[in-house]
>>> print(open('entry_17.txt').read())   # compact mmCIF, C-alpha atoms
# COMPACT_ATOMS: atom_id res chain seq x y z
CA MET J 1 82.26 118.79 114.36
CA THR J 2 84.59 121.24 116.11
CA ARG J 3 87.99 120.25 117.46
CA GLU J 4 86.60 120.67 120.97
CA GLU J 5 83.70 118.32 120.21
CA ILE J 6 86.15 115.78 118.80
CA PHE J 7 88.19 115.98 122.02
CA GLY J 8 85.00 115.47 124.04
CA LYS J 9 84.10 112.26 122.21
CA LEU J 10 87.73 111.15 122.16
CA ASN J 11 87.98 111.44 125.94
CA GLU J 12 85.01 109.09 126.26
CA VAL J 13 86.69 106.59 123.93
CA PHE J 14 89.98 106.74 125.83
CA ARG J 15 88.19 106.31 129.18
CA ASP J 16 86.30 103.31 127.84
CA VAL J 17 89.29 101.61 126.18
CA PHE J 18 91.69 102.14 129.08
CA GLU J 19 88.97 101.73 131.74
CA ASP J 20 90.01 104.92 133.50
CA ASP J 21 87.43 107.69 134.03
CA ASP J 22 90.13 110.17 135.03
CA ILE J 23 91.74 110.31 131.56
CA THR J 24 91.57 113.69 129.82
CA VAL J 25 93.61 113.89 126.63
CA SER J 26 95.12 117.00 125.07
CA ASP J 27 97.06 117.82 121.89
CA ALA J 28 100.30 116.83 123.63
CA THR J 29 99.10 113.49 125.08
CA THR J 30 101.19 110.53 123.92
CA ALA J 31 101.35 106.83 124.73
CA ASP J 32 103.93 107.69 127.40
CA ASP J 33 101.24 109.53 129.38
CA ILE J 34 98.81 106.60 129.63
CA GLU J 35 100.13 103.53 131.37
CA ASP J 36 98.30 100.86 129.38
CA TRP J 37 98.73 102.48 125.94
CA ASP J 38 101.03 99.95 124.28
CA SER J 39 101.05 98.58 120.74
CA LEU J 40 98.26 96.11 121.51
CA GLU J 41 95.93 98.66 123.09
CA HIS J 42 96.73 101.06 120.25
CA ILE J 43 95.05 98.57 117.91
CA ASN J 44 91.93 98.53 120.11
CA LEU J 45 92.00 102.31 120.50
CA ILE J 46 92.14 102.87 116.74
CA ASN J 47 89.26 100.45 116.21
CA ALA J 48 87.15 102.13 118.91
CA ILE J 49 87.84 105.59 117.42
CA GLU J 50 86.94 104.40 113.92
CA GLN J 51 83.63 103.09 115.18
CA GLU J 52 82.85 106.14 117.32
CA PHE J 53 83.48 108.63 114.51
CA GLY J 54 82.46 106.42 111.56
CA ILE J 55 85.85 106.85 109.87
CA LYS J 56 88.74 104.64 108.70
CA PHE J 57 92.40 105.33 109.28
CA ASN J 58 94.93 104.03 106.77
CA MET J 59 97.87 101.90 107.88
CA GLY J 60 100.34 104.79 107.55
CA GLN J 61 98.23 106.99 109.82
CA ILE J 62 97.81 104.22 112.39
CA VAL J 63 101.55 103.74 112.84
CA SER J 64 102.71 107.32 112.48
CA MET J 65 100.48 109.32 114.85
CA LYS J 66 102.85 111.08 117.23
CA ASN J 67 100.32 112.43 119.72
CA VAL J 68 96.59 112.95 120.26
CA GLY J 69 96.78 116.33 118.53
CA GLU J 70 97.79 114.60 115.28
CA MET J 71 95.06 112.04 115.86
CA VAL J 72 92.45 114.79 116.22
CA SER J 73 93.73 116.56 113.09
CA ILE J 74 93.33 113.34 111.08
CA ILE J 75 89.82 112.79 112.49
CA GLU J 76 88.98 116.43 111.72
CA SER J 77 90.14 116.05 108.10
CA LYS J 78 88.15 112.85 107.61
CA LEU J 79 84.96 114.42 108.99
CA SER J 80 85.21 117.60 106.90
CA MET O 1 82.50 81.64 107.74
CA LYS O 2 84.26 78.30 108.01
CA ILE O 3 87.03 78.12 110.61
CA HIS O 4 90.42 77.15 109.17
CA HIS O 5 92.32 77.07 112.45
CA VAL O 6 92.76 78.50 115.92
CA GLY O 7 96.02 80.41 116.38
CA TYR O 8 97.82 79.51 119.60
CA LEU O 9 100.78 81.48 120.97
CA ALA O 10 103.64 79.39 122.28
CA LYS O 11 106.66 80.55 124.20
CA ASN O 12 108.40 77.31 123.23
CA LEU O 13 106.72 75.62 120.28
CA GLU O 14 108.37 72.24 120.83
CA LYS O 15 107.23 72.06 124.46
CA SER O 16 103.70 73.25 123.67
CA ALA O 17 103.40 70.80 120.76
CA ALA O 18 104.39 67.97 123.09
CA LYS O 19 101.54 68.88 125.45
CA PHE O 20 99.04 68.95 122.56
CA LEU O 21 100.29 65.57 121.29
CA GLU O 22 99.70 64.13 124.77
CA LEU O 23 96.05 65.11 124.37
CA GLY O 24 95.72 63.26 121.08
CA TYR O 25 96.57 65.94 118.53
CA GLU O 26 98.65 64.95 115.49
CA VAL O 27 101.17 66.99 113.54
CA GLU O 28 99.60 68.08 110.26
CA ARG O 29 102.43 70.34 109.04
CA PRO O 30 105.75 70.23 110.90
CA CYS O 31 107.41 73.34 112.26
CA LYS O 32 108.38 75.87 109.59
CA TYR O 33 109.80 79.40 109.76
CA ASP O 34 107.74 82.32 108.41
CA PRO O 35 110.33 85.02 107.57
CA ILE O 36 107.64 87.64 106.89
CA ARG O 37 106.33 87.52 110.46
CA LYS O 38 109.50 86.13 112.08
CA ILE O 39 107.65 83.22 113.66
CA ASN O 40 107.84 79.44 113.75
CA ILE O 41 104.57 77.75 112.89
CA GLU O 42 103.35 74.19 113.30
CA PHE O 43 99.89 72.92 112.43
CA LEU O 44 98.28 70.24 114.59
CA LYS O 45 94.98 68.44 114.07
CA ASN O 46 92.51 66.81 116.40
CA GLY O 47 89.59 65.47 114.39
CA ASP O 48 88.08 68.44 112.57
CA TYR O 49 89.93 70.92 114.77
CA ARG O 50 93.17 72.52 113.56
CA VAL O 51 95.52 74.43 115.85
CA GLU O 52 98.30 76.69 114.60
CA LEU O 53 101.12 76.90 117.13
CA ILE O 54 103.02 80.18 116.77
CA GLN O 55 106.34 80.98 118.38
CA PRO O 56 107.71 84.49 117.76
CA MET O 57 111.42 84.11 116.96
CA SER O 58 112.40 87.76 117.35
CA GLU O 59 111.33 90.78 119.34
CA GLU O 60 110.67 92.38 115.93
CA SER O 61 107.94 89.82 115.21
CA PRO O 62 104.48 91.45 115.16
CA MET O 63 103.35 88.57 117.39
CA PHE O 64 106.02 89.20 120.04
CA PRO O 65 103.98 91.78 122.06
CA LEU O 66 101.08 89.32 122.13
CA LEU O 67 103.26 86.56 123.56
CA LYS O 68 104.77 89.01 126.05
CA ARG O 69 101.34 89.87 127.39
CA PHE O 70 99.35 86.67 127.05
CA LYS O 71 101.99 83.88 127.27
CA ASN O 72 100.81 80.46 126.03
CA THR O 73 97.23 80.92 124.87
CA PRO O 74 94.83 80.77 121.93
CA TYR O 75 94.54 84.29 120.50
CA HIS O 76 92.85 84.26 117.12
CA PHE O 77 90.41 82.33 114.95
CA CYS O 78 91.27 82.10 111.26
CA TYR O 79 88.41 81.94 108.74
CA GLU O 80 88.46 80.77 105.14
CA VAL O 81 87.42 83.25 102.47
CA GLU O 82 87.58 83.24 98.67
CA ASP O 83 89.28 86.61 98.36
CA VAL O 84 90.97 88.35 101.29
CA GLU O 85 90.70 91.82 99.74
CA ILE O 86 86.94 91.54 99.27
CA ALA O 87 86.37 89.87 102.65
CA ALA O 88 88.55 92.45 104.44
CA LYS O 89 86.57 95.26 102.81
CA GLU O 90 83.28 93.68 103.92
CA LEU O 91 84.49 93.22 107.49
CA SER O 92 85.95 96.72 107.50
CA GLU O 93 82.43 97.99 106.86
CA LYS O 94 81.28 95.91 109.84
CA GLY O 95 83.69 97.61 112.25
CA TYR O 96 86.95 95.70 111.84
CA THR O 97 90.35 97.36 111.37
CA VAL O 98 93.08 95.83 109.22
CA ILE O 99 96.16 95.41 111.44
CA GLN O 100 98.35 93.60 108.90
CA GLU O 101 97.75 94.18 105.20
CA PRO O 102 97.09 91.13 102.96
CA GLU O 103 100.29 89.14 102.56
CA ILE O 104 101.22 85.58 101.64
CA ALA O 105 101.56 82.96 104.38
CA PRO O 106 104.57 80.73 103.57
CA CYS O 107 103.36 78.09 106.03
CA ILE O 108 99.90 77.83 104.41
CA ASP O 109 101.01 77.12 100.82
CA ASP O 110 101.66 80.81 100.16
CA ARG O 111 97.96 81.56 100.40
CA ARG O 112 97.18 85.20 101.17
CA VAL O 113 96.09 86.11 104.68
CA VAL O 114 95.01 89.31 106.40
CA PHE O 115 94.75 90.10 110.11
CA MET O 116 91.95 92.30 111.46
CA ASN O 117 90.82 93.51 114.86
CA ASN O 118 87.57 94.60 116.46
CA ILE O 119 87.58 95.77 120.06
CA SER O 120 84.61 93.53 120.94
CA MET O 121 85.98 90.51 119.08
CA GLY O 122 89.77 90.67 119.29
CA ILE O 123 92.04 89.51 116.46
CA ILE O 124 90.85 87.42 113.54
CA GLU O 125 92.71 86.13 110.50
CA LEU O 126 91.29 85.51 107.04
CA VAL O 127 92.92 82.99 104.68
CA GLU O 128 92.12 82.44 101.04
CA THR O 129 90.76 79.00 100.18
CA ARG O 130 93.09 78.72 97.17
>>> encode(input="entry_17.txt", output="structure tokens")
Amino acid sequence: MTREEIFGKLNEVFRDVFEDDDITVSDATTADDIEDWDSLEHINLINAIEQEFGIKFNMGQIVSMKNVGEMVSIIESKLS
Amino acid sequence: MKIHHVGYLAKNLEKSAAKFLELGYEVERPCKYDPIRKINIEFLKNGDYRVELIQPMSEESPMFPLLKRFKNTPYHFCYEVEDVEIAAKELSEKGYTVIQEPEIAPCIDDRRVVFMNNISMGIIELVETR
């Protein structure tokens, strides 16, 4: 799966979790850019991403992701 | 899976406990501090039903954001399992994410517990039967 394809699926996950069809994430997107992205929704987001891509994050990755770009890189590495 | 208890967030454990006692609940285990999660916990029983009242005692408590958002409310079911590592692995394969790694629960006889989340289910806790 290419990075672009990952972003495409990720956008769908973000729109579903945050119930906002206008969300489009980029490498630089952080929790500060999405109003409802707090520690509780982060837990739901991670779970939704794991199920969408059929992967598992470890605890260190869950708490240390700085932005969506890092998230995509981790997904990319797990799918390769 | 057999239910061990329902976890209930309380802004003020003493006040919430009083309201439960009015409804016929009895104190099973009096209030005790859990230093790992920085919460006060009290177990109440009503027949076969057990409620775990949880009051976060610090903003650093992992339960504090839950209280902040949901106020006084039930927020997880806890299920009994023989081995939390094995059960967590099985549920992980069924779409759950571990949100707090297995750790002892001082208020449940130091039995090990693990917290997991699924977006369609919410938070669940697993506790070892021994």
>>> closest_atom_pairs(input="entry_17.txt", of="chain O", to="chain J", cutoff="8 Å", atoms="only C-alpha atoms", output="CSV")
residue,atom,partner,partner_atom,distance
O:Pro65,CA,J:Leu40,CA,7.2
O:Leu66,CA,J:Leu40,CA,7.4
O:Gly95,CA,J:Gln51,CA,6.2
O:Tyr96,CA,J:Asn47,CA,6.9
O:Thr97,CA,J:Asn47,CA,5.8
O:Val98,CA,J:Met59,CA,7.8
O:Ile99,CA,J:Ile43,CA,7.3
O:Asn117,CA,J:Asn47,CA,7.2
O:Asn118,CA,J:Asn47,CA,6.1
O:Ile119,CA,J:Asn44,CA,5.2
>>> residues_near_point(input="entry_17.txt", point="(91.1, 84.6, 122.9)", cutoff="10 Å", atoms="all atoms listed in the file", output="VMD selection string")
chain O and resid 6 to 8 70 73 to 77 121 to 124
>>> atom_distance(input="entry_17.txt", atom1="atom CA of O:Met1", atom2="atom CA of O:Glu80")
6.6 Å
>>> atom_distance(input="entry_17.txt", atom1="atom CA of O:Ile39", atom2="atom CA of O:Lys15")
15.5 Å
>>> residues_around(input="entry_17.txt", residues="J:Gly69", least_positions_apart="2", cutoff="7 Å", atoms="all atoms listed in the file", output="ChimeraX atom specification")
/J:26-28,67,71-73
>>> residues_around(input="entry_17.txt", residues="J:Glu76", least_positions_apart="3", cutoff="8 Å", atoms="all atoms listed in the file", output="VMD selection string")
chain J and resid 1 to 3 6 72 to 73 79 to 80
>>> atom_distance(input="entry_17.txt", atom1="atom CA of O:Ala88", atom2="atom CA of O:Ala105")
16.1 Å
>>> closest_residue(input="entry_17.txt", among="O:Val81, O:Met63, O:Cys31, O:Ile108", to="O:Glu14", atoms="only C-alpha atoms")
O:Cys31
>>> residues_near_point(input="entry_17.txt", point="(101.2, 76.0, 112.9)", cutoff="8 Å", atoms="only C-alpha atoms", output="list in words")
Gly7, Arg29, Pro30, Cys31, Lys32, Asn40, Ile41, Glu42, Phe43, Leu44, Val51, Glu52, Leu53, Ile54 and Cys107 of chain O
>>> residues_around(input="entry_17.txt", residues="J:Thr30", least_positions_apart="4", cutoff="8 Å", atoms="only C-alpha atoms", output="short mmCIF file (atom, residue, chain, number, x, y, z; two decimals) with C-alpha atoms, keeping the file's coordinate frame")
data_model
loop_
_atom_site.label_atom_id
_atom_site.label_comp_id
_atom_site.auth_asym_id
_atom_site.auth_seq_id
_atom_site.Cartn_x
_atom_site.Cartn_y
_atom_site.Cartn_z
CA ILE J 34 98.81 106.60 129.63
CA LYS J 66 102.85 111.08 117.23
CA ASN J 67 100.32 112.43 119.72
CA VAL J 68 96.59 112.95 120.26
#
>>> decode(input="entry_17.txt", residues="stretch 36-50 of chain J", atoms="all heavy atoms", output="CSV table (one decimal), in the first residue's frame")
chain,number,residue,atom,x,y,z
J,36,ASP,N,-11.9,17.7,18.5
J,36,ASP,CA,-12.2,16.6,19.5
J,36,ASP,C,-11.1,15.6,19.7
J,36,ASP,O,-11.4,14.6,20.4
J,36,ASP,CB,-13.5,15.9,19.0
J,36,ASP,CG,-14.7,16.8,19.0
J,36,ASP,OD1,-14.7,17.7,19.8
J,36,ASP,OD2,-15.6,16.5,18.2
J,37,TRP,N,-9.9,15.8,19.2
J,37,TRP,CA,-8.9,14.8,19.3
J,37,TRP,C,-8.2,15.0,20.7
J,37,TRP,O,-7.1,15.6,20.8
J,37,TRP,CB,-7.9,15.0,18.2
J,37,TRP,CG,-6.9,13.8,18.1
J,37,TRP,CD1,-6.6,12.8,19.0
J,37,TRP,CD2,-5.9,13.6,17.0
J,37,TRP,NE1,-5.6,12.0,18.6
J,37,TRP,CE2,-5.1,12.5,17.4
J,37,TRP,CE3,-5.6,14.3,15.9
J,37,TRP,CZ2,-4.1,12.0,16.6
J,37,TRP,CZ3,-4.6,13.9,15.1
J,37,TRP,CH2,-3.8,12.7,15.4
J,38,ASP,N,-8.8,14.4,21.7
J,38,ASP,CA,-8.1,14.4,23.0
J,38,ASP,C,-7.7,13.0,23.4
J,38,ASP,O,-7.7,12.1,22.6
J,38,ASP,CB,-9.1,15.0,24.1
J,38,ASP,CG,-10.4,14.2,24.2
J,38,ASP,OD1,-10.4,13.1,23.6
J,38,ASP,OD2,-11.4,14.7,24.8
J,39,SER,N,-7.2,12.9,24.6
J,39,SER,CA,-6.6,11.6,25.0
J,39,SER,C,-7.7,10.4,24.9
J,39,SER,O,-7.3,9.3,24.6
J,39,SER,CB,-6.1,11.6,26.4
J,39,SER,OG,-7.1,12.0,27.4
J,40,LEU,N,-8.9,10.7,25.1
J,40,LEU,CA,-9.9,9.7,25.1
J,40,LEU,C,-10.2,9.3,23.6
J,40,LEU,O,-10.3,8.1,23.3
J,40,LEU,CB,-11.2,10.2,25.8
J,40,LEU,CG,-11.1,10.5,27.2
J,40,LEU,CD1,-12.5,10.9,27.8
J,40,LEU,CD2,-10.6,9.3,28.0
J,41,GLU,N,-10.4,10.3,22.8
J,41,GLU,CA,-10.6,10.0,21.4
J,41,GLU,C,-9.4,9.4,20.7
J,41,GLU,O,-9.5,8.6,19.7
J,41,GLU,CB,-11.1,11.2,20.6
J,41,GLU,CG,-12.5,11.6,20.9
J,41,GLU,CD,-13.5,10.5,20.6
J,41,GLU,OE1,-13.3,9.6,19.8
J,41,GLU,OE2,-14.6,10.5,21.3
J,42,HIS,N,-8.2,9.7,21.2
J,42,HIS,CA,-7.0,9.1,20.7
J,42,HIS,C,-7.1,7.5,20.8
J,42,HIS,O,-6.7,6.8,19.9
J,42,HIS,CB,-5.8,9.6,21.4
J,42,HIS,CG,-4.5,9.2,20.8
J,42,HIS,ND1,-4.1,9.6,19.6
J,42,HIS,CD2,-3.5,8.4,21.3
J,42,HIS,CE1,-2.9,9.0,19.3
J,42,HIS,NE2,-2.5,8.3,20.3
J,43,ILE,N,-7.6,7.1,22.0
J,43,ILE,CA,-7.8,5.7,22.2
J,43,ILE,C,-8.7,5.0,21.2
J,43,ILE,O,-8.4,4.0,20.6
J,43,ILE,CB,-8.3,5.4,23.6
J,43,ILE,CG1,-7.3,5.8,24.7
J,43,ILE,CG2,-8.8,4.0,23.8
J,43,ILE,CD1,-7.9,5.9,26.1
J,44,ASN,N,-9.8,5.7,20.9
J,44,ASN,CA,-10.7,5.2,19.9
J,44,ASN,C,-10.1,5.3,18.5
J,44,ASN,O,-10.3,4.4,17.7
J,44,ASN,CB,-12.0,6.0,19.9
J,44,ASN,CG,-12.9,5.7,21.0
J,44,ASN,OD1,-13.0,4.5,21.4
J,44,ASN,ND2,-13.7,6.6,21.6
J,45,LEU,N,-9.4,6.3,18.2
J,45,LEU,CA,-8.8,6.5,16.9
J,45,LEU,C,-7.8,5.4,16.6
J,45,LEU,O,-7.8,4.8,15.6
J,45,LEU,CB,-8.1,7.9,16.8
J,45,LEU,CG,-7.3,8.2,15.5
J,45,LEU,CD1,-8.3,8.3,14.4
J,45,LEU,CD2,-6.5,9.5,15.7
J,46,ILE,N,-6.9,5.1,17.6
J,46,ILE,CA,-5.9,4.0,17.5
J,46,ILE,C,-6.6,2.7,17.2
J,46,ILE,O,-6.2,1.9,16.3
J,46,ILE,CB,-5.1,3.9,18.7
J,46,ILE,CG1,-4.2,5.2,18.9
J,46,ILE,CG2,-4.2,2.7,18.8
J,46,ILE,CD1,-3.2,5.3,17.7
J,47,ASN,N,-7.7,2.4,18.0
J,47,ASN,CA,-8.4,1.2,17.8
J,47,ASN,C,-9.0,1.1,16.4
J,47,ASN,O,-9.0,0.0,15.7
J,47,ASN,CB,-9.5,1.0,18.9
J,47,ASN,CG,-10.3,-0.3,18.8
J,47,ASN,OD1,-11.4,-0.3,18.3
J,47,ASN,ND2,-9.7,-1.4,19.2
J,48,ALA,N,-9.6,2.2,15.9
J,48,ALA,CA,-10.2,2.2,14.6
J,48,ALA,C,-9.2,2.0,13.5
J,48,ALA,O,-9.4,1.3,12.5
J,48,ALA,CB,-11.0,3.5,14.4
J,49,ILE,N,-8.0,2.6,13.7
J,49,ILE,CA,-6.9,2.4,12.7
J,49,ILE,C,-6.4,1.0,12.7
J,49,ILE,O,-6.2,0.4,11.6
J,49,ILE,CB,-5.8,3.4,13.0
J,49,ILE,CG1,-6.2,4.9,12.8
J,49,ILE,CG2,-4.5,3.1,12.1
J,49,ILE,CD1,-5.2,5.9,13.3
J,50,GLU,N,-6.2,0.4,13.9
J,50,GLU,CA,-5.8,-1.0,14.0
J,50,GLU,C,-6.7,-1.9,13.2
J,50,GLU,O,-6.3,-2.8,12.5
J,50,GLU,CB,-5.7,-1.4,15.4
J,50,GLU,CG,-4.5,-0.8,16.2
J,50,GLU,CD,-4.4,-1.4,17.6
J,50,GLU,OE1,-5.4,-1.9,18.1
J,50,GLU,OE2,-3.3,-1.2,18.2
